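Structure data (compact mmCIF, C-alpha atoms and all ligand atoms) from target-v3.txt:
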# COMPACT_ATOMS: atom_id res chain seq x y z
CA ALA A 1 -15.88 9.44 -1.41
CA ALA A 2 -12.97 11.87 -1.35
CA GLU A 3 -12.87 12.23 2.46
CA ASN A 4 -12.75 8.45 2.85
CA ALA A 5 -9.93 8.20 0.33
CA CYS A 6 -8.18 10.99 2.22
CA ARG A 7 -8.64 9.18 5.54
CA ILE A 8 -7.29 5.91 4.02
CA THR A 9 -4.15 7.62 2.70
CA LEU A 10 -3.71 9.56 5.97
CA GLY A 11 -4.00 6.25 7.81
CA GLN A 12 -1.24 4.83 5.64
CA ALA A 13 0.81 8.05 5.68
CA ASN A 14 1.98 7.66 9.29
CA GLN A 15 3.28 4.12 8.75
CA VAL A 16 7.06 3.64 8.80
CA ARG A 17 9.15 0.73 7.51
CA PRO A 18 12.07 -0.23 9.79
CA LYS A 19 15.29 -1.30 8.10
CA LEU A 20 16.21 -4.95 8.70
CA PRO A 21 18.44 -4.59 11.83
CA LEU A 22 15.74 -2.54 13.60
CA LEU A 23 12.95 -4.83 12.32
CA LYS A 24 14.71 -7.84 13.89
CA ILE A 25 14.79 -6.03 17.26
CA LEU A 26 11.09 -5.15 17.05
CA GLN A 27 10.24 -8.75 16.08
CA ALA A 28 12.24 -10.01 19.09
CA ALA A 29 9.85 -7.90 21.19
CA GLY A 30 6.80 -9.48 19.53
CA ALA A 31 6.15 -7.13 16.61
CA GLN A 32 4.35 -8.65 13.59
CA GLY A 33 4.56 -7.34 10.01
CA GLU A 34 6.92 -4.83 8.41
CA THR A 35 5.27 -1.40 8.76
CA PHE A 36 4.35 0.33 12.01
CA THR A 37 3.35 3.67 13.47
CA LEU A 38 6.10 5.50 15.36
CA LYS A 39 4.13 4.83 18.56
CA GLU A 40 4.26 1.08 17.88
CA VAL A 41 8.01 1.24 17.16
CA MET A 42 8.57 2.98 20.53
CA HIS A 43 6.33 0.49 22.32
CA TYR A 44 8.20 -2.52 20.93
CA LEU A 45 11.60 -0.94 21.65
CA GLY A 46 10.44 -0.43 25.25
CA GLN A 47 9.27 -4.05 25.43
CA TYR A 48 12.63 -5.17 23.99
CA ILE A 49 14.51 -3.27 26.72
CA MET A 50 12.27 -4.84 29.36
CA VAL A 51 12.42 -8.40 28.01
CA ARG A 52 16.20 -8.24 27.54
CA GLN A 53 16.49 -6.59 30.98
CA LEU A 54 18.71 -3.83 29.54
CA TYR A 55 17.51 -1.24 32.07
CA ASP A 56 19.16 -0.80 35.49
CA LYS A 57 16.95 -2.27 38.20
CA ARG A 58 17.91 0.47 40.66
CA GLN A 59 18.20 3.44 38.28
CA GLN A 60 15.35 2.46 36.02
CA HIS A 61 15.82 5.38 33.60
CA MET A 62 19.27 4.04 32.64
CA VAL A 63 19.51 1.57 29.73
CA TYR A 64 22.76 -0.42 29.33
CA CYS A 65 22.69 -1.62 25.71
CA GLY A 66 26.42 -2.17 25.07
CA GLY A 67 26.91 -5.71 23.71
CA ASP A 68 23.30 -5.88 22.55
CA GLN A 69 22.08 -5.34 18.97
CA LEU A 70 20.24 -2.24 20.28
CA GLY A 71 23.57 -0.76 21.37
CA GLU A 72 25.01 -1.54 17.92
CA LEU A 73 22.15 0.39 16.26
CA LEU A 74 22.40 3.31 18.69
CA GLY A 75 26.21 3.33 18.66
CA LEU A 76 26.02 3.66 22.46
CA GLU A 77 26.95 1.60 25.51
CA SER A 78 24.19 3.21 27.57
CA PHE A 79 21.66 6.03 27.56
CA SER A 80 19.03 7.58 29.78
CA VAL A 81 15.37 7.39 28.80
CA LYS A 82 15.24 11.01 29.98
CA ASP A 83 17.20 12.04 26.84
CA PRO A 84 15.48 10.45 23.82
CA SER A 85 17.65 12.26 21.23
CA PRO A 86 20.03 9.32 20.53
CA VAL A 87 16.99 7.10 19.95
CA TYR A 88 15.43 9.58 17.54
CA ASP A 89 18.73 9.90 15.67
CA MET A 90 18.88 6.08 15.33
CA LEU A 91 15.26 6.00 14.10
CA LYS A 92 16.04 8.64 11.46
CA ARG A 93 18.75 6.27 10.17
CA ASN A 94 16.65 3.11 10.44
CA LEU A 95 13.11 4.05 9.39
CA THR A 96 11.81 4.78 5.89
CA SER A 97 8.32 6.08 5.08
CA ALA A 98 5.98 3.23 4.14
CA ALA A 99 3.63 5.57 2.29
CA MET A 100 5.64 5.22 -0.98
C1 LIG A 201 8.49 7.65 28.11
C2 LIG A 201 9.02 6.38 27.52
C3 LIG A 201 10.06 6.68 26.45
C4 LIG A 201 9.76 6.36 25.13
C5 LIG A 201 10.70 6.59 24.14
C6 LIG A 201 11.96 7.12 24.47
CL1 LIG A 201 13.12 7.39 23.23
C7 LIG A 201 12.28 7.42 25.79
C8 LIG A 201 11.32 7.19 26.80
N1 LIG A 201 9.65 5.49 28.52
C9 LIG A 201 9.84 5.76 29.82
N2 LIG A 201 10.49 4.75 30.40
C10 LIG A 201 10.71 3.81 29.44
C11 LIG A 201 11.39 2.54 29.75
C12 LIG A 201 12.32 2.51 30.80
C13 LIG A 201 12.95 1.31 31.12
C14 LIG A 201 12.65 0.14 30.41
C15 LIG A 201 11.73 0.19 29.35
C16 LIG A 201 11.09 1.38 29.03
C17 LIG A 201 10.17 4.26 28.24
C18 LIG A 201 10.24 3.69 26.90
C19 LIG A 201 9.20 3.19 26.09
C20 LIG A 201 7.78 2.99 26.41
O1 LIG A 201 7.03 2.54 25.54
N3 LIG A 201 7.38 3.32 27.61
C21 LIG A 201 6.01 3.00 28.04
C22 LIG A 201 5.90 3.21 29.55
N4 LIG A 201 7.02 2.52 30.21
C23 LIG A 201 7.36 3.22 31.44
C24 LIG A 201 8.54 2.50 32.11
N5 LIG A 201 8.21 1.09 32.39
C25 LIG A 201 9.32 0.27 33.00
C26 LIG A 201 10.41 1.06 33.67
C27 LIG A 201 11.49 0.12 34.20
C28 LIG A 201 10.93 -0.85 35.21
C29 LIG A 201 9.78 -1.62 34.61
C30 LIG A 201 8.72 -0.72 34.02
C31 LIG A 201 7.84 0.41 31.13
C32 LIG A 201 6.67 1.13 30.44
N6 LIG A 201 9.69 2.84 24.91
C33 LIG A 201 11.02 3.08 24.89
C34 LIG A 201 11.96 2.88 23.87
C35 LIG A 201 13.28 3.22 24.09
CL2 LIG A 201 14.46 2.97 22.84
C36 LIG A 201 13.68 3.73 25.33
C37 LIG A 201 12.76 3.94 26.35
C38 LIG A 201 11.42 3.62 26.10
Hey, can you dump this file as C-alpha cells for me?
Amino acid sequence: AAENACRITLGQANQVRPKLPLLKILQAAGAQGETFTLKEVMHYLGQYIMVRQLYDKRQQHMVYCGGDQLGELLGLESFSVKDPSPVYDMLKRNLTSAAM
C-alpha cells in the first residue's frame, strides 16, 4: 500500500553514493557496495583511521592524515575529532544522493 511504498522510498532516500576516492577509503575499511547511510560512512571512516593508525596514541582525539589518501580528500595534515566541520565539508564534496 501507499505507506509501504513511502517507507521503501524513505529507506532509500537516506542512502548516499560516495565518489570514487572516498569509496576506495571506505572499501579499505571493509565497506561493501556503493551506497551507504551517513552513519555507515562515518563508521567506516572511523574504522579506516583505526586500521591505518592515523590517530595519536596519546592524544586520541587527534588524527594525523597528512600523506594518507584521507588527508588528500580533507586537504588537511591533521584534525581533531572534536571539530567535525572539515569532515562534513569533505563529505559535501564527495557524497551524492543515491535516491536519484
Ligand atoms: C564521535 C565520533 C566522530 C564521528 C565523526 C566525526 Cl567527523 C568526528 C567524531 N568519534 C569519536 N572518536 C572517533 C575516533 C577517534 C580516533 C580514531 C577513530 C575514531 C570518532 C569517529 C568515528 C566513529 O565512528 N566513532 C565511533 C566511536 N569511536 C570512539 C573512539 N574509538 C577509538 C579512539 C582512539 C583509540 C581507539 C578507540 C573508536 C570508536 N568515525 C569517525 C570518522 C572520522 Cl573522519 C573522524 C572521527 C570518527
### Residue list as a PyMOL selection string for point (7.6, -9.2, 20.0), cut-off 12 Å, all atoms listed in the file
chain A and resi 23-33+40-41+43-52
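Distances from A:Arg93, A:Ala99, A:Met42, A:Tyr55 to Pro21 of chain A were compared using only C-alpha atoms, and the smallest one belongs to A:Arg93.
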### Message
Could you list, as a list in words, every residue within 12 Å of Gln60 of chain A, counting all atoms listed in the file and ignoring same-chain residues fewer than 4 positions away?
### Response
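Result of the neighbour search: Ile49, Met50, Gln53, Leu54, Tyr55, Asp56, Tyr64, Phe79, Ser80, Val81 and Lys82 of chain A.
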